[in-house]
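Some notes on the structure that comes next.
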Amino acid sequence: MSLSPRRHATELETISVTVPPDAVEAYESALSTVCTTIGIFEVDDSQTLWRVEGVKDTGSGEDELRAALIVAALTSGVDAELERSHTESEGWLARTYESFPEQLAGRRFAIRGTHLEPTTSPQRITITLDAGVAFGSGEHGSTRGCLRALEMIACRRPRRILDLGCGSGILAMAAASLLHKRVLATDIDPWSVRVTRRNAAMNGLSNLVECHLGNGWSTPAIRHHAPYDLVFANILARPLCSMAADLTRNLLPGGTAILAGLLNTQVRMVLATHRRHGLVLERHLREGDWGTLILRKPNG
Ligand SMILES: C[S@@+](CC[C@H](N)C(=O)[O-])C[C@H]1O[C@@H](n2cnc3c(N)ncnc32)[C@H](O)[C@@H]1O
């Protein structure tokens, strides 16, 4: 998973650990206490080592981080060493731009950075994003899986739509453009909320994409607009599982959930959790190491 590059007034640092697959979840959870977006990268082709990486403000949350790493070591049985590196914002942004050519996603979408010359893809809906900001530039397997899933379920014409964990707002904008419906987008990260609002305005979608700050299903705007007939949640396996009951409760009968941010190895666990709450599997899409689930709440 690529990181969430963002422009920030304060200095940023990248923190990471390299661990075997069984310890990924524990360390993902530890780093989540101080980094809002976490990246998980395969270190070698044999999938024996993974790097869990996050970006945080330099010096922030050191006590919480220390405590969370101790818990991760105890629960996983792996005492991983924390690596740190400072992130130079200019070089970082330049690298981000270089790694962000126009992306074609699914059959309907083209995602292009503001730094690129406009191109015309008449058959595709073009979404313009600033590549130097929150997660969701269209190149990541989890985002691409959600866009493919959206195309597959578009014929159901969902009308009450939620993008929980919107990042750059890419999924909310894609749904609003494709379905011509209002979409509620939320994120726990204030920067992502600002970026989503800015991206929606840049794409002429401010009237359709409404974005609010909040943590998961406790976000007042989410409660206010519930129930939904389409929910996107591209977060991570662990938070998805802990939100399964709320998701099910807030889906209309016949409603669809598109879940992503899980490695293919985590699909079984996430699926089992949601099945226990009564959702049924419609499709499992794969994009490289990443799985996307299309789940449905049965009618009646
Ligand atoms: C992997 S990014 C997905 C961004 C975008 N939806 C996409 O598909 O590319 C996950 C986003 O979820 C947000 N997030 C994580 N935990 C959350 C929570 N409990 N409530 C709301 N947002 C959350 C993060 O801040 C991040 O922006």
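Residue numbers start at 1 in each chain; chains themselves are named A, B, ... in the order of the structure tokens; ligands are numbered from 1 in the order shown.
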
Give me the residues near Met173 in chain A as an MDAnalysis selection string, where near means some atom within 8 Å (using only C-alpha atoms) and where sequence neighbours in that chain fewer than 4 positions away do not count. chainID A and resid 127 169 177 183 200 205 209

Take the residues that were just selected and, keeping C-alpha atoms, output them as an mmCIF file, in the first residue's frame.
```cif
data_model
loop_
_atom_site.group_PDB
_atom_site.id
_atom_site.type_symbol
_atom_site.label_atom_id
_atom_site.label_comp_id
_atom_site.auth_asym_id
_atom_site.auth_seq_id
_atom_site.Cartn_x
_atom_site.Cartn_y
_atom_site.Cartn_z
ATOM 1 C CA ILE A 127 -11.202 12.608 -12.109
ATOM 2 C CA GLY A 169 -12.222 11.617 -2.097
ATOM 3 C CA SER A 177 -19.913 11.237 -11.328
ATOM 4 C CA VAL A 183 -22.338 11.026 -1.711
ATOM 5 C CA ALA A 200 -14.596 17.838 -5.215
ATOM 6 C CA LEU A 205 -18.670 18.034 -7.704
ATOM 7 C CA VAL A 209 -19.880 15.334 -2.508
#
```

Taking the DSSP assignment computed from this structure's backbone, write out as a VMD selection string all residues of range 106-185 of chain A that belong to alpha helix (DSSP H). chain A and resid 141 to 153 170 to 179

If you count only C-alpha atoms, which residues fall within 9 Å of range 211-213 of chain A, apart from same-chain ones fewer than 2 positions away, as a list of chain:residue names?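 With the cut-off at 9 Å, the set is A:Cys166, A:Gly169, A:Val183, A:Leu184, A:Ala185, A:Thr186, A:Asp187, A:Ile188, A:Asp189, A:Pro190, A:Ser192, A:Val193, A:Arg194, A:Thr196, A:Arg197, A:Val209, A:Asn215, A:Thr219, A:Pro220, A:Ala221, A:Ile222.
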
Next, the residues of the selection above should be written as an mmCIF file, in the first residue's frame with C-alpha atoms.
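Printed below is again.cif as written:
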```cif
data_model
loop_
_atom_site.group_PDB
_atom_site.id
_atom_site.type_symbol
_atom_site.label_atom_id
_atom_site.label_comp_id
_atom_site.auth_asym_id
_atom_site.auth_seq_id
_atom_site.Cartn_x
_atom_site.Cartn_y
_atom_site.Cartn_z
ATOM 1 C CA CYS A 166 -12.433 8.926 1.816
ATOM 2 C CA GLY A 169 -12.222 11.617 -2.097
ATOM 3 C CA VAL A 183 -22.338 11.026 -1.711
ATOM 4 C CA LEU A 184 -21.405 11.495 1.933
ATOM 5 C CA ALA A 185 -17.629 11.221 2.403
ATOM 6 C CA THR A 186 -15.949 11.063 5.827
ATOM 7 C CA ASP A 187 -12.444 10.644 7.173
ATOM 8 C CA ILE A 188 -10.767 10.556 10.569
ATOM 9 C CA ASP A 189 -7.936 12.686 9.169
ATOM 10 C CA PRO A 190 -8.627 16.451 8.952
ATOM 11 C CA SER A 192 -8.105 14.212 4.024
ATOM 12 C CA VAL A 193 -11.330 16.101 4.663
ATOM 13 C CA ARG A 194 -9.787 19.333 3.372
ATOM 14 C CA THR A 196 -11.599 15.820 -0.505
ATOM 15 C CA ARG A 197 -13.468 19.128 -0.373
ATOM 16 C CA VAL A 209 -19.880 15.334 -2.508
ATOM 17 C CA ASN A 215 -14.143 8.472 13.441
ATOM 18 C CA THR A 219 -19.423 10.451 12.878
ATOM 19 C CA PRO A 220 -22.603 12.527 13.445
ATOM 20 C CA ALA A 221 -23.137 13.155 9.704
ATOM 21 C CA ILE A 222 -23.026 9.393 9.027
#
```

In Å to one decimal, how far is CA of Gly165 in chain A from atom 21 (C, counted along the ligand's line) of ligand 1? 4.4 Å

Contact residues around Ala110 in chain A with only C-alpha atoms at 7 Å, ignoring same-chain residues under 3 positions, as a list in words: Glu102, Gln103, Leu104, Ala105, Arg124, Ile125, Thr126 and Ile127 of chain A

Nearest residue to ligand 1 from the set A:Val17, A:Ile153, A:Cys241, A:Val24 (distances using only C-alpha atoms and all ligand atoms): A:Cys241

Running DSSP on the backbone, which parts of range 8-238 of chain A land in strand (DSSP E or B), as a ChimeraX atom specification? /A:12-19,38-42,50-57,83-87,103-105,109-113,125-129,161-164,183-187,209-213,228-234

Include C-alpha atoms and write out the residues we just selected as a compact mmCIF listing (two decimals), in the first residue's frame.
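Result went into out_16.txt, see below:
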```txt
# COMPACT_ATOMS: atom_id res chain seq x y z
CA LEU A 12 7.23 14.69 8.78
CA GLU A 13 8.98 11.44 9.51
CA THR A 14 8.48 7.96 8.16
CA ILE A 15 8.47 5.16 10.73
CA SER A 16 8.55 1.50 9.74
CA VAL A 17 9.12 -2.05 10.91
CA THR A 18 9.93 -5.16 8.87
CA VAL A 19 8.10 -8.25 10.13
CA ILE A 38 -0.43 3.05 7.12
CA GLY A 39 1.36 1.41 4.20
CA ILE A 40 2.06 -2.33 3.99
CA PHE A 41 4.69 -3.37 1.45
CA GLU A 42 5.95 -6.77 0.45
CA TRP A 50 6.48 -7.22 5.03
CA ARG A 51 7.27 -3.61 5.81
CA VAL A 52 4.63 -1.75 7.78
CA GLU A 53 5.19 1.96 7.35
CA GLY A 54 3.50 5.17 8.38
CA VAL A 55 4.08 8.91 8.31
CA LYS A 56 3.68 11.12 11.35
CA ASP A 57 4.63 14.58 12.54
CA GLU A 83 13.25 2.45 11.66
CA ARG A 84 12.86 6.18 11.16
CA SER A 85 13.65 8.53 8.34
CA HIS A 86 12.89 12.18 7.84
CA THR A 87 10.80 13.11 4.87
CA GLN A 103 -4.23 6.05 -14.41
CA LEU A 104 -6.96 4.18 -16.22
CA ALA A 105 -9.14 2.41 -13.67
CA PHE A 109 -12.48 5.99 -15.08
CA ALA A 110 -9.31 7.95 -15.85
CA ILE A 111 -7.49 9.52 -12.92
CA ARG A 112 -5.07 12.32 -13.69
CA GLY A 113 -2.90 14.57 -11.57
CA ILE A 125 -15.02 9.83 -16.61
CA THR A 126 -11.90 11.84 -15.75
CA ILE A 127 -11.20 12.61 -12.11
CA THR A 128 -8.52 15.22 -11.48
CA LEU A 129 -6.51 14.99 -8.27
CA ILE A 161 -24.12 6.47 -0.64
CA LEU A 162 -21.34 6.66 1.95
CA ASP A 163 -17.56 6.69 1.42
CA LEU A 164 -16.13 5.95 4.88
CA VAL A 183 -22.34 11.03 -1.71
CA LEU A 184 -21.40 11.50 1.93
CA ALA A 185 -17.63 11.22 2.40
CA THR A 186 -15.95 11.06 5.83
CA ASP A 187 -12.44 10.64 7.17
CA VAL A 209 -19.88 15.33 -2.51
CA GLU A 210 -20.36 16.37 1.12
CA CYS A 211 -17.35 15.69 3.34
CA HIS A 212 -17.12 15.54 7.14
CA LEU A 213 -14.49 14.76 9.76
CA TYR A 228 -27.35 3.56 3.09
CA ASP A 229 -27.73 1.40 0.06
CA LEU A 230 -24.06 1.67 -0.89
CA VAL A 231 -21.11 1.94 1.51
CA PHE A 232 -17.44 2.07 0.49
CA ALA A 233 -14.89 1.38 3.19
CA ASN A 234 -11.31 1.13 1.96
```

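CA of Arg159 in chain A to CA of Asn203 in chain A spans 20.3 Å [interatomic distance, one decimal].
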
Using only C-alpha atoms and all ligand atoms, the best pick from A:Gly141, A:Gly167, A:Pro21, A:Gly106 as closest to ligand 1 would be A:Gly167

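The residue that comes closest to ligand 1, out of A:Gln266, A:Asn299, A:Ser168, A:Ser29 and on the basis of only C-alpha atoms and all ligand atoms, is A:Ser168.
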